[in-house]
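**Q** Quick one, target39.pdb (PDB, C-alpha atoms and all ligand atoms):
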```pdb
ATOM      1  CA  MET A1329       3.712  19.067  -5.097
ATOM      2  CA  ILE A1330       3.808  18.629  -8.850
ATOM      3  CA  ILE A1331       4.445  15.134 -10.101
ATOM      4  CA  SER A1332       6.555  15.433 -13.200
ATOM      5  CA  SER A1333       7.627  11.843 -13.644
ATOM      6  CA  ALA A1334       6.596   8.410 -12.477
ATOM      7  CA  GLU A1335       8.197   5.185 -13.632
ATOM      8  CA  PHE A1336       7.889   1.553 -12.672
ATOM      9  CA  MET A1337      11.213   0.305 -11.314
ATOM     10  CA  LYS A1338      10.628  -3.257 -10.140
ATOM     11  CA  GLY A1339       8.494  -5.719  -8.256
ATOM     12  CA  ILE A1340      10.054  -7.642  -5.393
ATOM     13  CA  ILE A1341       9.023 -10.580  -3.217
ATOM     14  CA  GLY A1342      11.939 -10.540  -0.791
ATOM     15  CA  SER A1343      15.287  -8.921  -0.049
ATOM     16  CA  ASP A1344      16.442  -6.654  -2.829
ATOM     17  CA  PRO A1345      19.037  -3.909  -3.323
ATOM     18  CA  ILE A1346      16.273  -1.356  -3.991
ATOM     19  CA  LEU A1347      15.385  -1.481  -0.282
ATOM     20  CA  GLY A1348      18.770  -0.007   0.544
ATOM     21  CA  ASP A1349      18.298   2.906  -1.847
ATOM     22  CA  ALA A1350      18.577   6.182   0.058
ATOM     23  CA  ARG A1351      15.408   7.499  -1.571
ATOM     24  CA  ARG A1352      12.407   7.491   0.695
ATOM     25  CA  GLN A1353       9.388   5.254   0.378
ATOM     26  CA  VAL A1354       5.705   6.044   0.717
ATOM     27  CA  ALA A1355       3.834   2.736   0.882
ATOM     28  CA  PHE A1356       0.200   1.964   0.043
ATOM     29  CA  VAL A1357      -1.249  -0.721   2.270
ATOM     30  CA  GLY A1358      -4.772  -2.060   2.731
ATOM     31  CA  ARG A1359      -7.222  -4.865   2.147
ATOM     32  CA  SER A1360      -7.579  -6.321  -1.283
ATOM     33  CA  ASN A1361      -9.679  -4.304  -3.742
ATOM     34  CA  VAL A1362      -9.863  -1.088  -1.665
ATOM     35  CA  GLY A1363      -8.089   0.781  -4.460
ATOM     36  CA  LYS A1364      -4.411   0.974  -3.469
ATOM     37  CA  SER A1365      -3.214   0.795  -7.076
ATOM     38  CA  SER A1366      -5.940   3.204  -8.205
ATOM     39  CA  VAL A1367      -4.957   5.768  -5.565
ATOM     40  CA  ILE A1368      -1.376   5.728  -6.866
ATOM     41  CA  ASN A1369      -2.630   6.189 -10.440
ATOM     42  CA  SER A1370      -4.767   9.124  -9.345
ATOM     43  CA  LEU A1371      -1.906  10.771  -7.464
ATOM     44  CA  VAL A1372       0.363  10.578 -10.501
ATOM     45  CA  MET A1373      -2.558  11.405 -12.846
ATOM     46  CA  ARG A1374      -1.981   8.351 -14.997
ATOM     47  CA  LYS A1375      -4.676   5.851 -15.845
ATOM     48  CA  ASP A1376      -2.523   2.792 -15.953
ATOM     49  CA  LEU A1377       0.903   3.315 -14.457
ATOM     50  CA  VAL A1378      -0.184   0.711 -11.921
ATOM     51  CA  LYS A1379      -2.352  -2.195 -12.981
ATOM     52  CA  SER A1380      -5.652  -2.191 -11.154
ATOM     53  CA  SER A1381      -8.630  -4.469 -11.557
ATOM     54  CA  SER A1382     -12.062  -5.349 -10.245
ATOM     55  CA  MET A1383     -10.707  -8.836  -9.509
ATOM     56  CA  PRO A1384      -9.307  -8.742  -5.957
ATOM     57  CA  GLY A1385      -5.764  -9.985  -5.675
ATOM     58  CA  LYS A1386      -4.434  -8.107  -8.689
ATOM     59  CA  THR A1387      -1.190  -6.920  -7.122
ATOM     60  CA  ARG A1388       1.025  -9.847  -6.085
ATOM     61  CA  GLU A1389       4.426  -8.267  -5.602
ATOM     62  CA  ILE A1390       5.755  -5.205  -3.819
ATOM     63  CA  ASN A1391       6.000  -2.755  -6.704
ATOM     64  CA  PHE A1392       8.315   0.242  -6.667
ATOM     65  CA  PHE A1393       7.526   3.383  -8.662
ATOM     66  CA  LEU A1394      10.107   6.149  -8.806
ATOM     67  CA  ILE A1395       8.454   9.556  -8.533
ATOM     68  CA  ASN A1396      10.147  12.743  -9.755
ATOM     69  CA  LYS A1397      13.352  10.656  -9.609
ATOM     70  CA  LYS A1398      13.341  11.510  -5.914
ATOM     71  CA  PHE A1399      11.226   9.089  -3.910
ATOM     72  CA  TYR A1400       9.217   5.908  -4.259
ATOM     73  CA  PHE A1401       5.563   5.071  -4.197
ATOM     74  CA  VAL A1402       5.382   1.444  -3.111
ATOM     75  CA  ASP A1403       2.278  -0.544  -4.049
ATOM     76  CA  LEU A1404       1.647  -3.579  -1.888
ATOM     77  CA  PRO A1405      -0.571  -6.603  -2.466
ATOM     78  CA  GLY A1406      -3.864  -6.551  -0.593
ATOM     79  CA  TYR A1407      -4.188  -8.421   2.659
ATOM     80  CA  GLY A1408      -7.227 -10.356   3.751
ATOM     81  CA  PHE A1409      -8.115 -11.789   0.389
ATOM     82  CA  ALA A1410      -9.720 -15.190   0.976
ATOM     83  CA  ARG A1411     -10.201 -16.422  -2.573
ATOM     84  CA  MET A1412      -6.459 -16.692  -2.940
ATOM     85  CA  GLY A1413      -6.572 -19.705  -0.618
ATOM     86  CA  ALA A1414      -5.116 -19.937   2.853
ATOM     87  CA  LYS A1415      -1.595 -20.616   1.608
ATOM     88  CA  GLY A1416      -1.545 -17.714  -0.832
ATOM     89  CA  ALA A1417      -3.041 -15.338   1.734
ATOM     90  CA  GLU A1418      -0.477 -16.382   4.338
ATOM     91  CA  LYS A1419       2.338 -15.792   1.861
ATOM     92  CA  ILE A1420       1.087 -12.271   1.134
ATOM     93  CA  ARG A1421       0.604 -11.546   4.818
ATOM     94  CA  LYS A1422       4.184 -12.588   5.532
ATOM     95  CA  LEU A1423       5.429 -10.471   2.652
ATOM     96  CA  ILE A1424       3.640  -7.362   3.969
ATOM     97  CA  LEU A1425       4.804  -7.914   7.548
ATOM     98  CA  TRP A1426       8.342  -8.461   6.368
ATOM     99  CA  TYR A1427       8.282  -5.242   4.337
ATOM    100  CA  LEU A1428       6.891  -3.207   7.232
ATOM    101  CA  GLY A1429       8.740  -4.869  10.056
ATOM    102  CA  SER A1430      12.155  -6.097   8.976
ATOM    103  CA  GLY A1431      13.728  -2.655   9.011
ATOM    104  CA  GLU A1432      15.212  -3.266   5.554
ATOM    105  CA  ALA A1433      12.893  -0.770   3.872
ATOM    106  CA  ARG A1434      12.996   2.962   4.461
ATOM    107  CA  VAL A1435       9.277   3.491   4.877
ATOM    108  CA  ARG A1436       8.598   7.142   5.668
ATOM    109  CA  LEU A1437       4.859   7.046   5.465
ATOM    110  CA  VAL A1438       2.161   4.449   5.001
ATOM    111  CA  MET A1439      -1.108   5.303   3.339
ATOM    112  CA  LEU A1440      -3.515   2.872   4.955
ATOM    113  CA  ILE A1441      -6.240   2.679   2.332
ATOM    114  CA  VAL A1442      -9.725   1.617   3.388
ATOM    115  CA  ASP A1443     -12.994   1.387   1.485
ATOM    116  CA  ALA A1444     -15.239   4.208   2.698
ATOM    117  CA  CYS A1445     -18.293   2.218   1.601
ATOM    118  CA  VAL A1446     -17.823  -0.637   4.044
ATOM    119  CA  LYS A1447     -17.489  -0.653   7.795
ATOM    120  CA  PRO A1448     -13.873  -0.785   9.027
ATOM    121  CA  MET A1449     -12.885  -4.424   9.319
ATOM    122  CA  ASP A1450     -10.691  -6.349  11.733
ATOM    123  CA  TYR A1451      -7.979  -6.476   9.094
ATOM    124  CA  ASP A1452      -7.908  -2.670   8.958
ATOM    125  CA  LYS A1453      -7.658  -2.406  12.725
ATOM    126  CA  GLU A1454      -4.945  -5.041  12.833
ATOM    127  CA  MET A1455      -2.934  -3.132  10.244
ATOM    128  CA  ALA A1456      -3.285   0.152  12.142
ATOM    129  CA  ASP A1457      -2.090  -1.639  15.288
ATOM    130  CA  ILE A1458       0.885  -3.110  13.453
ATOM    131  CA  LEU A1459       1.880   0.308  12.106
ATOM    132  CA  ARG A1460       1.666   1.827  15.570
ATOM    133  CA  ALA A1461       3.696  -1.051  17.037
ATOM    134  CA  GLU A1462       6.368  -0.570  14.364
ATOM    135  CA  ASN A1463       6.347   3.205  14.877
ATOM    136  CA  ILE A1464       5.645   3.810  11.212
ATOM    137  CA  PRO A1465       3.813   7.088  10.570
ATOM    138  CA  PHE A1466       0.581   6.499   8.683
ATOM    139  CA  VAL A1467      -2.493   8.257   7.410
ATOM    140  CA  VAL A1468      -5.819   6.584   6.751
ATOM    141  CA  VAL A1469      -7.277   7.156   3.303
ATOM    142  CA  ALA A1470     -11.023   6.534   3.012
ATOM    143  CA  ASN A1471     -11.255   5.775  -0.709
ATOM    144  CA  LYS A1472     -14.282   5.496  -3.039
ATOM    145  CA  ILE A1473     -16.207   8.391  -1.462
ATOM    146  CA  ASP A1474     -17.641   9.140  -4.910
ATOM    147  CA  ARG A1475     -20.085   6.351  -4.102
ATOM    148  CA  LEU A1476     -21.445   8.105  -1.006
ATOM    149  CA  ASN A1477     -23.602  11.158  -0.481
ATOM    150  CA  GLN A1478     -22.600  13.928   1.916
ATOM    151  CA  THR A1479     -24.306  12.430   4.970
ATOM    152  CA  GLU A1480     -22.906   8.962   4.295
ATOM    153  CA  ARG A1481     -19.435  10.432   3.877
ATOM    154  CA  SER A1482     -19.323  12.064   7.274
ATOM    155  CA  GLN A1483     -20.806   8.977   8.950
ATOM    156  CA  SER A1484     -18.254   6.766   7.238
ATOM    157  CA  LEU A1485     -15.325   9.017   8.208
ATOM    158  CA  LYS A1486     -16.440   9.097  11.822
ATOM    159  CA  ALA A1487     -16.747   5.313  11.980
ATOM    160  CA  ILE A1488     -13.333   4.819  10.371
ATOM    161  CA  GLU A1489     -11.600   7.298  12.671
ATOM    162  CA  ALA A1490     -13.212   5.755  15.747
ATOM    163  CA  ALA A1491     -12.243   2.220  14.710
ATOM    164  CA  LEU A1492      -8.682   2.954  13.622
ATOM    165  CA  GLY A1493      -7.810   5.708  16.077
ATOM    166  CA  ALA A1494      -6.376   7.982  13.409
ATOM    167  CA  GLN A1495      -7.477  10.836  11.199
ATOM    168  CA  ALA A1496      -8.946   9.755   7.868
ATOM    169  CA  PHE A1497      -8.616  11.577   4.541
ATOM    170  CA  PRO A1498     -11.726  11.380   2.376
ATOM    171  CA  TYR A1499     -10.632  10.335  -1.100
ATOM    172  CA  SER A1500     -11.797   9.239  -4.499
ATOM    173  CA  ALA A1501      -9.314   7.784  -6.937
ATOM    174  CA  ARG A1502     -12.062   7.824  -9.550
ATOM    175  CA  ILE A1503     -12.685  11.586  -9.469
ATOM    176  CA  HIS A1504      -9.322  12.631  -7.929
ATOM    177  CA  LYS A1505     -10.981  14.043  -4.849
ATOM    178  CA  GLY A1506      -8.621  14.731  -1.938
ATOM    179  CA  ARG A1507      -5.573  14.599  -4.197
ATOM    180  CA  GLU A1508      -4.030  17.917  -3.125
ATOM    181  CA  GLU A1509      -4.381  17.055   0.572
ATOM    182  CA  LEU A1510      -2.783  13.653   0.137
ATOM    183  CA  LEU A1511       0.083  15.053  -1.920
ATOM    184  CA  GLU A1512       0.697  17.543   0.872
ATOM    185  CA  ALA A1513       1.056  14.635   3.318
ATOM    186  CA  VAL A1514       3.560  13.065   0.907
ATOM    187  CA  THR A1515       5.517  16.321   0.686
ATOM    188  CA  GLN A1516       5.803  16.489   4.464
ATOM    189  CA  ALA A1517       6.874  12.840   4.698
ATOM    190  CA  ILE A1518       9.716  12.969   2.191
ATOM    191  CA  LYS A1519      11.249  16.245   3.352
TER
HETATM  192  N1  LIG A1601     -16.056   4.041  -7.404
HETATM  193  C1  LIG A1601     -14.747   3.922  -7.179
HETATM  194  N2  LIG A1601     -14.106   2.767  -7.505
HETATM  195  C2  LIG A1601     -12.776   2.675  -7.268
HETATM  196  C3  LIG A1601     -12.037   3.732  -6.677
HETATM  197  N3  LIG A1601     -10.749   3.323  -6.534
HETATM  198  C4  LIG A1601     -10.694   2.079  -7.034
HETATM  199  N4  LIG A1601     -11.895   1.663  -7.476
HETATM  200  C5  LIG A1601     -12.217   0.348  -8.086
HETATM  201  O1  LIG A1601     -11.929  -0.680  -7.148
HETATM  202  C6  LIG A1601     -11.398  -1.830  -7.804
HETATM  203  C7  LIG A1601     -10.060  -2.226  -7.175
HETATM  204  O2  LIG A1601      -9.095  -1.238  -7.458
HETATM  205  P1  LIG A1601      -7.515  -1.551  -7.323
HETATM  206  O3  LIG A1601      -6.828  -0.240  -7.428
HETATM  207  O4  LIG A1601      -7.096  -2.623  -8.250
HETATM  208  O5  LIG A1601      -7.468  -2.089  -5.825
HETATM  209  P2  LIG A1601      -6.219  -2.682  -5.009
HETATM  210  O6  LIG A1601      -6.422  -2.285  -3.604
HETATM  211  O7  LIG A1601      -4.942  -2.271  -5.654
HETATM  212  O8  LIG A1601      -6.469  -4.245  -5.176
HETATM  213  P3  LIG A1601      -5.394  -5.461  -4.977
HETATM  214  O9  LIG A1601      -4.171  -5.138  -5.764
HETATM  215  O10 LIG A1601      -6.147  -6.636  -5.498
HETATM  216  O11 LIG A1601      -5.145  -5.554  -3.518
HETATM  217  C8  LIG A1601     -11.302  -1.472  -9.283
HETATM  218  O12 LIG A1601     -12.449  -1.988  -9.935
HETATM  219  C9  LIG A1601     -11.299   0.051  -9.277
HETATM  220  O13 LIG A1601     -11.842   0.611 -10.462
HETATM  221  C10 LIG A1601     -12.743   4.960  -6.350
HETATM  222  O14 LIG A1601     -12.210   5.945  -5.839
HETATM  223  N5  LIG A1601     -14.087   4.972  -6.619
HETATM  224 MG    MG A1602      -3.370  -3.399  -6.363
END
```
Turn the structure described in the file into structure tokens.
Ligand SMILES: Nc1nc2c(ncn2[C@@H]2O[C@H](COP(=O)(O)OP(=O)(O)OP(=O)(O)O)[C@@H](O)[C@H]2O)c(=O)[nH]1
Ligand SMILES: [Mg+2]
**A**
Amino acid sequence: MIISSAEFMKGIIGSDPILGDARRQVAFVGRSNVGKSSVINSLVMRKDLVKSSSMPGKTREINFFLINKKFYFVDLPGYGFARMGAKGAEKIRKLILWYLGSGEARVRLVMLIVDACVKPMDYDKEMADILRAENIPFVVVANKIDRLNQTERSQSLKAIEAALGAQAFPYSARIHKGREELLEAVTQAIK
């Protein structure tokens, strides 16, 4: 797939007409700071289409990006971010569960992004379980593999696949590694 255009459409925090748009949605979900926004930027080959930051909790709304005028990349806030305070974290959790579970959104595929440099966490497992329960197709993306050597990479992938019960794509948003493979998964999902 060649990405010829990518534009920010809007950020939502609840019901919105964009959810009823017939165009399909590929959503990026995962713990705070794993690189959801960065993975989108790397897929569209733009440095700053999506704002990313080393401060966890950067993305606060559900942001819709129209790709090739045909489908949406949907960037979600990170779950499991404690510094936001219990109330803020609960709000974000509800927002994510509503998006995935209310049936209002046409989610064709979820990219469950995890940090390849840390052991899979309960939050990751919980999210994989939720996606299975909702019957939403998902792929696991093990991001930040540029920080690992070859041996560490294969160990990390094995641990992630065992914990989440799904195949994991090795990825690096920083050096665009795994981009073609992930775009192929997108192509299949929006057909
Ligand atoms: N080394 C390395 N760093 C990365 C990679 N992807 C993202 N990062 C860094 O990780 C940090 C978080 O990236 P974001 O894309 O903002 O993460 P996010 O998951 O969108 O975070 P929230 O919106 O807060 O949930 C930033 O400092 C990025 O530069 C990667 O592939 N390799
Ligand atoms: Mg983000």
**Q** Padding 8 Å on each side, edges along x, y and z: where is the centre of the box around the listed atoms of ligand LIG 1601 (chain A), and how long are its edges in Å to one decimal? Output it as lines of an AutoDock Vina configuration file.
**A**
```
center_x = -10.1
center_y = -0.3
center_z = -7.0
size_x = 27.9
size_y = 28.6
size_z = 22.9
```
**Q** Could you pull out the residues sitting within 9 Å of ligand MG 1602 (chain A), using all atoms listed in the file, and write them as a VMD selection string?
**A** chain A and resid 1360 to 1366 1378 to 1381 1384 to 1388 1403 to 1406
**Q** Report the residues retrieved by the PyMOL selection byres (((chain A and resi 1438-1448) around 9) and not hetatm) from the displayed file, expressed as a ChimeraX atom specification.
**A** /A:1353-1359,1361-1364,1367,1435-1437,1449-1453,1455-1456,1459,1464-1473,1475-1476,1480-1481,1484-1485,1487-1488,1491-1492,1498-1499
**Q** Between atom CA of A:Asn1369 and atom CA of A:Ala1490, what is the distance in Å, rounded to a tenth?
**A**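 Distance reported for this atom pair: 28.2 Å.
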**Q** Check the smallest atom-to-atom distance from each of A:Met1373, A:Val1514, A:Ala1334, A:Ile1390 to A:Ile1346 using only C-alpha atoms, then report the winner.
**A**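 Checking each of A:Met1373, A:Val1514, A:Ala1334, A:Ile1390 against A:Ile1346, counting only C-alpha atoms, the winner is A:Ile1390.
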**Q** Quick one: of A:Met1383, A:Ile1341, A:Tyr1400, A:Ile1503, who's nearest to A:Lys1419, counting only C-alpha atoms?
**A**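 Under the stated criterion, the closest residue is A:Ile1341.
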**Q** Can you list, as a list of chain:residue names, every protein, DNA or RNA residue that comes within 8 Å of A:Leu1394 when you count all atoms listed in the file, leaving out same-chain residues fewer than 2 positions away?
**A**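 What passes the distance filter is A:Ser1333, A:Ala1334, A:Glu1335, A:Phe1336, A:Met1337, A:Phe1392, A:Asn1396, A:Lys1397, A:Lys1398, A:Phe1399, A:Tyr1400, A:Phe1401.
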**Q** The selected residues should be written to file as an mmCIF file, in the coordinates of the input (atoms: C-alpha atoms).
**A**
```
data_model
loop_
_atom_site.group_PDB
_atom_site.id
_atom_site.type_symbol
_atom_site.label_atom_id
_atom_site.label_comp_id
_atom_site.auth_asym_id
_atom_site.auth_seq_id
_atom_site.Cartn_x
_atom_site.Cartn_y
_atom_site.Cartn_z
ATOM 1 C CA SER A 1333 7.627 11.843 -13.644
ATOM 2 C CA ALA A 1334 6.596 8.410 -12.477
ATOM 3 C CA GLU A 1335 8.197 5.185 -13.632
ATOM 4 C CA PHE A 1336 7.889 1.553 -12.672
ATOM 5 C CA MET A 1337 11.213 0.305 -11.314
ATOM 6 C CA PHE A 1392 8.315 0.242 -6.667
ATOM 7 C CA ASN A 1396 10.147 12.743 -9.755
ATOM 8 C CA LYS A 1397 13.352 10.656 -9.609
ATOM 9 C CA LYS A 1398 13.341 11.510 -5.914
ATOM 10 C CA PHE A 1399 11.226 9.089 -3.910
ATOM 11 C CA TYR A 1400 9.217 5.908 -4.259
ATOM 12 C CA PHE A 1401 5.563 5.071 -4.197
#
```
**Q** Can you work out which one of A:Leu1428, A:Leu1347, A:Ile1330, A:Leu1371 has the shortest atom-to-atom distance to ligand LIG 1601 (chain A), counting all atoms listed in the file?
**A** A:Leu1371
**Q** Could you jot down the atom CA of A:Ala1496 to atom C6 of ligand LIG 1601 (chain A) separation for me, Å, one decimal place?
**A**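 Spanning atom CA of A:Ala1496 to atom C6 of ligand LIG 1601 (chain A) is a straight-line distance of 19.6 Å.
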**Q** Kindly provide, as a count of residues only, the polymer residues lying within 12 Å of (20.1, 2.3, 2.5), counting all atoms listed in the file and using the coordinates exactly as they appear in the file.
**A** 15
**Q** Could you check how far atom CA of A:Lys1505 sits from atom P3 of ligand LIG 1601 (chain A), in Å to one decimal?
**A** 20.3 Å
**Q** From the options A:Ala1414, A:Leu1511, A:Thr1479, A:Val1402, which residue's atoms come nearest to A:Val1372, counting all atoms listed in the file?
**A** A:Leu1511
**Q** Could you tell me which of A:Asp1474, A:Glu1418, A:Glu1454, A:Glu1462 comes closest to ligand LIG 1601 (chain A) if we count all atoms listed in the file?
**A**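 Nearest to ligand LIG 1601 (chain A): A:Asp1474.
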**Q** Given the choices A:Gln1495, A:Ser1370, A:Gln1478, A:Ser1343, which gets closest to A:Ser1430 if the distance is worked out from only C-alpha atoms?
**A** A:Ser1343
